[in-house]
Amino acid sequence: MTGRNQTPVLEFLLLGLPIQPEHQNLFYVLFLAMYLTTILGNLLLIILIHLDSHLHIPMYLFLGNLSFSDLCFSSVTIPKLLQNMQSQVPSIPYAGCLTQMYFFLCFADLESFLLVAMAYDRYVAICFPLHYTTIMSLKLCLSLVVLSWVLTMLHALLHTLLVVRLSFCLDNVIPHFFCEISALLKLACSNTHVNELVIFIMGGLVIVTPFLLILGSYVQIFSSILKVPSARGIHKAFSTCGSHLSVVSLFYGTIIGLYLCPSANNSTVKDTVVALMYTVVTPMLNPFIYSLRNRDMKGALRRVFCKKAILFSVSW
């Protein structure tokens, strides 16, 4: 390591996706369409939750924040990916790279914490239905949302400050489509043991702990249902939890596939493809999961459109 040139790095080169040049334009159109779908889908959910008073309940407070997180999460990486796909020199400034890394970590962590809050909400709704409104008070819900935002910002800031203290060599090529923290550490000339230790410890706290809490919530939910087995109770549980379980499976499934099931061959290609799944595909699918599998969202959509149609006809 000491033999490597330690000229200060002013920018990084992002290798992007392993796509053949003749397919570049096709994938550009595909990713642009997926990004626009993500923006419009999540914006629609946020607007519906804001406009429809029937959705002013804890579950949809968390869902509104989750939609905003998904919208921002995609916006951190995809616009730069699209720009680099049309550029001859796919570069990103040093400061821009650190900024992208900070917001990527921030919104990824935020999604994890919000999924825990939503799992707790479903747990209370099914296991303690008579005490739901008392337990899930507005004060508690707002506290959970604020706590999620604060913890994620502090966690992202910690990693960013630890990367700032590193020096980088002349080798500035990142084999990824965004400034992923582990890829950055591989380019550092200075000692990265502290960074790796913090990633290991904080990764357990931010990813594994929320996943176990969600798992515990659903064990309690299904245990409660099995105590009084009935077709109505099982249908209620699946209709209440189905959407959330689908999103949890998508989000944690890709992360577990990336970090807990490493492959010896083509690991860089695999990491890039899996990262694409949870930065592009998951945020795009979440609005569809919650709207297509949720009667409340369908009802809100009908009410909003009917109200607009009535206002439009009256104005004419």
# chains A, B, ... in the order shown; residues from 1 in each chain; ligands from 1

$ select_by_dssp --residues "segment 119-226 of chain A" --states "strand (DSSP E or B)" --output "mmCIF file with all heavy atoms, in the first residue's frame"
data_model
loop_
_atom_site.group_PDB
_atom_site.id
_atom_site.type_symbol
_atom_site.label_atom_id
_atom_site.label_comp_id
_atom_site.auth_asym_id
_atom_site.auth_seq_id
_atom_site.Cartn_x
_atom_site.Cartn_y
_atom_site.Cartn_z
ATOM 1 N N PHE A 168 -6.663 9.101 -0.498
ATOM 2 C CA PHE A 168 -6.899 8.231 -1.652
ATOM 3 C C PHE A 168 -5.745 8.333 -2.633
ATOM 4 O O PHE A 168 -5.133 9.392 -2.793
ATOM 5 C CB PHE A 168 -8.218 8.604 -2.331
ATOM 6 C CG PHE A 168 -9.416 8.271 -1.497
ATOM 7 C CD1 PHE A 168 -9.945 9.199 -0.606
ATOM 8 C CD2 PHE A 168 -10.011 7.023 -1.581
ATOM 9 C CE1 PHE A 168 -11.045 8.891 0.181
ATOM 10 C CE2 PHE A 168 -11.115 6.704 -0.798
ATOM 11 C CZ PHE A 168 -11.629 7.639 0.082
ATOM 12 N N VAL A 173 -10.743 4.751 -9.786
ATOM 13 C CA VAL A 173 -11.828 4.101 -10.531
ATOM 14 C C VAL A 173 -12.677 3.264 -9.572
ATOM 15 O O VAL A 173 -12.183 2.336 -8.917
ATOM 16 C CB VAL A 173 -11.280 3.205 -11.664
ATOM 17 C CG1 VAL A 173 -12.424 2.510 -12.398
ATOM 18 C CG2 VAL A 173 -10.452 4.032 -12.624
ATOM 19 N N ILE A 174 -13.962 3.599 -9.475
ATOM 20 C CA ILE A 174 -14.903 2.866 -8.628
ATOM 21 C C ILE A 174 -15.690 1.896 -9.506
ATOM 22 O O ILE A 174 -16.422 2.326 -10.401
ATOM 23 C CB ILE A 174 -15.878 3.833 -7.911
ATOM 24 C CG1 ILE A 174 -15.098 4.805 -7.020
ATOM 25 C CG2 ILE A 174 -16.900 3.061 -7.088
ATOM 26 C CD1 ILE A 174 -15.959 5.867 -6.363
ATOM 27 N N ALA A 188 -8.656 3.451 -0.824
ATOM 28 C CA ALA A 188 -7.928 4.272 0.151
ATOM 29 C C ALA A 188 -6.500 3.783 0.339
ATOM 30 O O ALA A 188 -6.219 2.580 0.323
ATOM 31 C CB ALA A 188 -8.654 4.268 1.488
#

$ residues_around --residues "Glu11 of chain A" --least-positions-apart "5" --cutoff "12 Å" --atoms "only C-alpha atoms" --output "tab-separated table (two decimals) with all heavy atoms, in the first residue's frame"
chain	number	residue	atom	x	y	z
A	89	VAL	N	-16.90	10.61	-20.16
A	89	VAL	CA	-16.08	10.50	-18.95
A	89	VAL	C	-17.03	10.47	-17.74
A	89	VAL	O	-17.44	11.52	-17.23
A	89	VAL	CB	-15.09	11.68	-18.82
A	89	VAL	CG1	-14.19	11.47	-17.59
A	89	VAL	CG2	-14.25	11.83	-20.07
A	90	PRO	N	-17.41	9.28	-17.27
A	90	PRO	CA	-18.38	9.16	-16.17
A	90	PRO	C	-17.74	9.46	-14.81
A	90	PRO	O	-17.47	8.57	-14.02
A	90	PRO	CB	-18.83	7.70	-16.26
A	90	PRO	CG	-17.66	6.99	-16.84
A	90	PRO	CD	-16.98	7.96	-17.77
A	91	SER	N	-17.51	10.72	-14.56
A	91	SER	CA	-16.80	11.11	-13.33
A	91	SER	C	-17.76	11.74	-12.32
A	91	SER	O	-18.87	12.17	-12.66
A	91	SER	CB	-15.69	12.10	-13.66
A	91	SER	OG	-16.22	13.29	-14.22
A	92	ILE	N	-17.29	11.82	-11.06
A	92	ILE	CA	-18.00	12.50	-10.00
A	92	ILE	C	-16.96	13.17	-9.11
A	92	ILE	O	-15.95	12.54	-8.75
A	92	ILE	CB	-18.89	11.52	-9.19
A	92	ILE	CG1	-19.72	12.26	-8.13
A	92	ILE	CG2	-18.08	10.41	-8.55
A	92	ILE	CD1	-20.79	11.40	-7.47
A	93	PRO	N	-17.13	14.45	-8.75
A	93	PRO	CA	-16.15	15.14	-7.89
A	93	PRO	C	-16.03	14.46	-6.53
A	93	PRO	O	-16.97	13.79	-6.07
A	93	PRO	CB	-16.72	16.56	-7.76
A	93	PRO	CG	-17.70	16.69	-8.87
A	93	PRO	CD	-18.24	15.33	-9.15
A	94	TYR	N	-14.90	14.67	-5.88
A	94	TYR	CA	-14.66	14.08	-4.55
A	94	TYR	C	-15.76	14.49	-3.57
A	94	TYR	O	-16.34	13.63	-2.89
A	94	TYR	CB	-13.29	14.55	-4.04
A	94	TYR	CG	-12.97	14.13	-2.62
A	94	TYR	CD1	-12.52	12.84	-2.35
A	94	TYR	CD2	-13.14	15.01	-1.57
A	94	TYR	CE1	-12.23	12.45	-1.04
A	94	TYR	CE2	-12.86	14.64	-0.26
A	94	TYR	CZ	-12.40	13.36	-0.01
A	94	TYR	OH	-12.13	12.97	1.29
A	95	ALA	N	-16.07	15.79	-3.52
A	95	ALA	CA	-17.12	16.27	-2.60
A	95	ALA	C	-18.48	15.70	-2.98
A	95	ALA	O	-19.29	15.34	-2.12
A	95	ALA	CB	-17.17	17.80	-2.61
A	96	GLY	N	-18.74	15.61	-4.29
A	96	GLY	CA	-20.00	15.05	-4.76
A	96	GLY	C	-20.13	13.58	-4.40
A	96	GLY	O	-21.22	13.10	-4.08
A	97	CYS	N	-19.02	12.87	-4.44
A	97	CYS	CA	-19.01	11.45	-4.09
A	97	CYS	C	-19.35	11.25	-2.61
A	97	CYS	O	-20.17	10.39	-2.26
A	97	CYS	CB	-17.64	10.86	-4.41
A	97	CYS	SG	-17.55	9.07	-4.28
A	98	LEU	N	-18.74	12.05	-1.75
A	98	LEU	CA	-19.02	11.95	-0.32
A	98	LEU	C	-20.46	12.35	-0.01
A	98	LEU	O	-21.12	11.74	0.84
A	98	LEU	CB	-18.05	12.83	0.48
A	98	LEU	CG	-16.59	12.40	0.48
A	98	LEU	CD1	-15.77	13.32	1.38
A	98	LEU	CD2	-16.44	10.96	0.93
A	168	PHE	N	-6.66	9.10	-0.50
A	168	PHE	CA	-6.90	8.23	-1.65
A	168	PHE	C	-5.74	8.33	-2.63
A	168	PHE	O	-5.13	9.39	-2.79
A	168	PHE	CB	-8.22	8.60	-2.33
A	168	PHE	CG	-9.42	8.27	-1.50
A	168	PHE	CD1	-9.94	9.20	-0.61
A	168	PHE	CD2	-10.01	7.02	-1.58
A	168	PHE	CE1	-11.04	8.89	0.18
A	168	PHE	CE2	-11.12	6.70	-0.80
A	168	PHE	CZ	-11.63	7.64	0.08
A	169	CYS	N	-5.48	7.23	-3.30
A	169	CYS	CA	-4.35	7.15	-4.22
A	169	CYS	C	-4.74	7.59	-5.62
A	169	CYS	O	-5.86	8.02	-5.86
A	169	CYS	CB	-3.81	5.72	-4.25
A	169	CYS	SG	-3.39	5.10	-2.62
A	170	LEU	N	-3.78	7.47	-6.51
A	170	LEU	CA	-4.02	7.87	-7.90
A	170	LEU	C	-5.09	7.00	-8.55
A	170	LEU	O	-5.80	7.44	-9.44
A	170	LEU	CB	-2.71	7.77	-8.69
A	170	LEU	CG	-2.69	8.40	-10.09
A	170	LEU	CD1	-3.00	9.88	-10.01
A	170	LEU	CD2	-1.35	8.15	-10.76
A	171	ASP	N	-5.23	5.76	-8.07
A	171	ASP	CA	-6.27	4.86	-8.58
A	171	ASP	C	-7.63	5.37	-8.09
A	171	ASP	O	-7.96	5.27	-6.91
A	171	ASP	CB	-6.02	3.43	-8.06
A	171	ASP	CG	-7.05	2.44	-8.58
A	171	ASP	OD1	-7.82	2.81	-9.50
A	171	ASP	OD2	-7.09	1.30	-8.08
A	172	ASN	N	-8.42	5.96	-8.99
A	172	ASN	CA	-9.68	6.59	-8.60
A	172	ASN	C	-10.89	5.99	-9.31
A	172	ASN	O	-11.93	6.63	-9.42
A	172	ASN	CB	-9.62	8.10	-8.87
A	172	ASN	CG	-9.51	8.41	-10.35
A	172	ASN	OD1	-9.10	7.56	-11.14
A	172	ASN	ND2	-9.88	9.62	-10.73
A	173	VAL	N	-10.74	4.75	-9.79
A	173	VAL	CA	-11.83	4.10	-10.53
A	173	VAL	C	-12.68	3.26	-9.57
A	173	VAL	O	-12.18	2.34	-8.92
A	173	VAL	CB	-11.28	3.20	-11.66
A	173	VAL	CG1	-12.42	2.51	-12.40
A	173	VAL	CG2	-10.45	4.03	-12.62
A	174	ILE	N	-13.96	3.60	-9.47
A	174	ILE	CA	-14.90	2.87	-8.63
A	174	ILE	C	-15.69	1.90	-9.51
A	174	ILE	O	-16.42	2.33	-10.40
A	174	ILE	CB	-15.88	3.83	-7.91
A	174	ILE	CG1	-15.10	4.80	-7.02
A	174	ILE	CG2	-16.90	3.06	-7.09
A	174	ILE	CD1	-15.96	5.87	-6.36
A	179	CYS	N	-21.20	5.97	-5.50
A	179	CYS	CA	-20.11	5.95	-4.52
A	179	CYS	C	-20.49	5.07	-3.33
A	179	CYS	O	-20.91	5.56	-2.28
A	179	CYS	CB	-19.79	7.37	-4.07
A	179	CYS	SG	-19.07	8.38	-5.36
A	184	LEU	N	-15.29	2.52	-2.03
A	184	LEU	CA	-14.41	3.65	-1.71
A	184	LEU	C	-13.26	3.22	-0.81
A	184	LEU	O	-12.12	3.64	-1.00
A	184	LEU	CB	-15.21	4.77	-1.04
A	184	LEU	CG	-15.90	5.79	-1.94
A	184	LEU	CD1	-16.74	6.74	-1.10
A	184	LEU	CD2	-14.89	6.57	-2.77

$ residues_around --residues "Pro79 of chain A" --least-positions-apart "5" --cutoff "10 Å" --atoms "only C-alpha atoms" --output "list in words"
Phe31, Leu32, Tyr35, Ser74, Asn84 and Met85 of chain A

$ atom_distance --atom1 "atom CA of Thr134 of chain A" --atom2 "atom CA of Ser217 of chain A"
18.7 Å
